[in-house]
Amino acid sequence: MGYGRGFSRWRASAGEHWPAFTKHGFVRGLGDGTLPREAFLRYLVQDYIFLIHFSRAWALAVTKADTVGEMRLAAGTVDALINGEIAMHIKTCAEAGLSEDDLFTTPEHPQNIAYTRYVLDAGHSGDFVDLLAALAPCVMGYGEIGLALKQEASSDTYGDWIATYSGAEYQNTCIAVGQLIDGAIARRLGDDPTQNPRWQALTRRFVTATRLEVGFWDMGLSG
């Protein structure tokens with residue numbers, strides 16, 4: 001993966017939880033077109049709410065940043081989420097008769113609450129790198145899933161979704177966030193971060209967020 005060294009280390013440390021996320025039954029259903037449309041729409045509605053909170057977390061990253069460069073990238077990610085990624089959700093749900101008002105006022109599923117508040121708590125209680133460790137599984141995981149499905153998908157039923165996350169714009173975001181993570185780690189933990197006492201705690205944050213991603217897919221399938 002070309003998403004940076006810090007992410008690669010965290011990804012490896014996640015062990016079986018990472019493929020449980022990136023190769024989940026929900027993901028396979030996106031690729032072969034067998035995912036029921038109602039499950040996809042249920043997921044999209046909850047993911048719209050998720051992205052609202054995710055945007056707030058990236059906005060929090062602006063206040064946690066130590067450099068103007070970190071601030072710029074975090075602020076740019078907020079813009080990409082609010083004005084870019086969310087647009088696909090609004091468009092697809094509008095075709096199913098759901099307005100953005102409907103999406104915004106839908107009650108949050110417990111798995112959604114658990115995941116989004118975990119990420120926000122990581123930022124409020126920790127520093128910039130704590131927040132990045134909690135944010136990274138979603139950002140990079142969707143990039144990895146998008147590329148894999150672009151190569152392996154046997155159906156174009158969910159082609160718009162696959163195109164969004166495999167496309168150059170999203171992939172460039174993943175690369176930029178990977179560089180942000182590497183720079184932030186080096187700045188705060190030094191050249192050999194794995195020897196820093198904080199490393200294991202940061203890794204646990206990443207793994208926990210990955211497990212919560214698995215729960216989010218479960219929610220999409222089961223309701």
# chains A, B, ... in the order shown; residues from 1 in each chain; ligands from 1
>>> residues_around(residues="Val119 in chain A", least_positions_apart="2", cutoff="12 Å", atoms="only C-alpha atoms", output="MDAnalysis selection string")
chainID A and resid 50:51 53:58 60:61 112:117 121:138 205:206 208:210 212:213
>>> closest_atom_pairs(of="range 65-163 of chain A", to="range 23-28 of chain A", cutoff="9 Å", atoms="only C-alpha atoms", output="tab-separated table")
residue	atom	partner	partner_atom	distance
A:Ile145	CA	A:Val27	CA	7.7
A:Leu149	CA	A:Val27	CA	8.3
A:Ala153	CA	A:Arg28	CA	8.5
>>> residues_around(residues="Tyr165 in chain A", least_positions_apart="4", cutoff="7 Å", atoms="only C-alpha atoms", output="NGL selection string")
:A and (142-143 or 146 or 161 or 170)
>>> closest_residue(among="A:Arg204, A:Lys64, A:Arg42, A:His17", to="Ala184 in chain A", atoms="only C-alpha atoms")
A:Lys64
>>> select_by_dssp(residues="range 136-169 of chain A", states="alpha helix (DSSP H)", output="list in words")
Ala136, Pro137, Cys138, Val139, Met140, Gly141, Tyr142, Gly143, Glu144, Ile145, Gly146, Leu147, Ala148, Leu149, Lys150, Gln151, Glu152, Gly159, Asp160, Trp161, Ile162, Ala163, Thr164, Tyr165, Ser166, Ala168 and Glu169 of chain A
>>> write_last_selection(atoms="N, CA and C atoms", output="tab-separated table (two decimals), in the first residue's frame")
chain	number	residue	atom	x	y	z
A	136	ALA	N	-7.71	6.96	11.01
A	136	ALA	CA	-7.03	6.30	9.89
A	136	ALA	C	-7.74	5.07	9.32
A	137	PRO	N	-8.30	4.17	10.14
A	137	PRO	CA	-8.93	2.98	9.54
A	137	PRO	C	-10.01	3.30	8.52
A	138	CYS	N	-10.83	4.28	8.79
A	138	CYS	CA	-11.89	4.64	7.86
A	138	CYS	C	-11.31	5.23	6.58
A	139	VAL	N	-10.43	6.23	6.72
A	139	VAL	CA	-9.87	6.89	5.54
A	139	VAL	C	-9.16	5.89	4.65
A	140	MET	N	-8.18	5.18	5.22
A	140	MET	CA	-7.35	4.28	4.42
A	140	MET	C	-8.09	2.99	4.05
A	141	GLY	N	-8.93	2.50	4.96
A	141	GLY	CA	-9.65	1.27	4.68
A	141	GLY	C	-10.55	1.41	3.48
A	142	TYR	N	-11.26	2.53	3.38
A	142	TYR	CA	-12.13	2.73	2.23
A	142	TYR	C	-11.33	2.88	0.94
A	143	GLY	N	-10.15	3.48	1.04
A	143	GLY	CA	-9.29	3.57	-0.13
A	143	GLY	C	-8.83	2.20	-0.59
A	144	GLU	N	-8.44	1.36	0.37
A	144	GLU	CA	-8.01	0.00	0.05
A	144	GLU	C	-9.17	-0.82	-0.53
A	145	ILE	N	-10.33	-0.71	0.08
A	145	ILE	CA	-11.51	-1.43	-0.40
A	145	ILE	C	-11.89	-0.98	-1.81
A	146	GLY	N	-11.86	0.34	-2.04
A	146	GLY	CA	-12.21	0.87	-3.34
A	146	GLY	C	-11.31	0.33	-4.45
A	147	LEU	N	-10.00	0.31	-4.20
A	147	LEU	CA	-9.06	-0.20	-5.20
A	147	LEU	C	-9.27	-1.69	-5.45
A	148	ALA	N	-9.49	-2.44	-4.37
A	148	ALA	CA	-9.68	-3.89	-4.51
A	148	ALA	C	-10.94	-4.19	-5.32
A	149	LEU	N	-12.03	-3.48	-5.02
A	149	LEU	CA	-13.28	-3.72	-5.74
A	149	LEU	C	-13.20	-3.28	-7.19
A	150	LYS	N	-12.44	-2.23	-7.46
A	150	LYS	CA	-12.27	-1.79	-8.85
A	150	LYS	C	-11.65	-2.90	-9.69
A	151	GLN	N	-10.73	-3.65	-9.10
A	151	GLN	CA	-10.03	-4.73	-9.81
A	151	GLN	C	-10.84	-6.02	-9.82
A	152	GLU	N	-11.61	-6.27	-8.75
A	152	GLU	CA	-12.23	-7.58	-8.57
A	152	GLU	C	-13.73	-7.63	-8.78
A	159	GLY	N	-21.43	0.45	-8.76
A	159	GLY	CA	-20.29	1.06	-9.45
A	159	GLY	C	-19.99	2.47	-9.01
A	160	ASP	N	-21.02	3.27	-8.71
A	160	ASP	CA	-20.79	4.65	-8.28
A	160	ASP	C	-20.03	4.69	-6.97
A	161	TRP	N	-20.41	3.80	-6.04
A	161	TRP	CA	-19.73	3.74	-4.74
A	161	TRP	C	-18.27	3.33	-4.94
A	162	ILE	N	-18.06	2.30	-5.73
A	162	ILE	CA	-16.70	1.81	-5.98
A	162	ILE	C	-15.86	2.90	-6.66
A	163	ALA	N	-16.45	3.61	-7.62
A	163	ALA	CA	-15.73	4.66	-8.34
A	163	ALA	C	-15.33	5.80	-7.41
A	164	THR	N	-16.19	6.10	-6.43
A	164	THR	CA	-15.87	7.18	-5.49
A	164	THR	C	-14.60	6.87	-4.71
A	165	TYR	N	-14.49	5.65	-4.20
A	165	TYR	CA	-13.37	5.33	-3.31
A	165	TYR	C	-12.14	4.79	-4.04
A	166	SER	N	-12.30	4.41	-5.30
A	166	SER	CA	-11.14	3.99	-6.09
A	166	SER	C	-10.61	5.13	-6.95
A	168	ALA	N	-9.22	8.87	-8.35
A	168	ALA	CA	-7.99	9.61	-8.08
A	168	ALA	C	-8.14	10.59	-6.92
A	169	GLU	N	-9.29	11.25	-6.84
A	169	GLU	CA	-9.48	12.26	-5.78
A	169	GLU	C	-9.40	11.61	-4.40
>>> atom_distance(atom1="CA of Pro193 in chain A", atom2="CA of Arg5 in chain A")
10.8 Å
>>> atom_distance(atom1="CA of Thr105 in chain A", atom2="CA of Ala74 in chain A")
26.5 Å
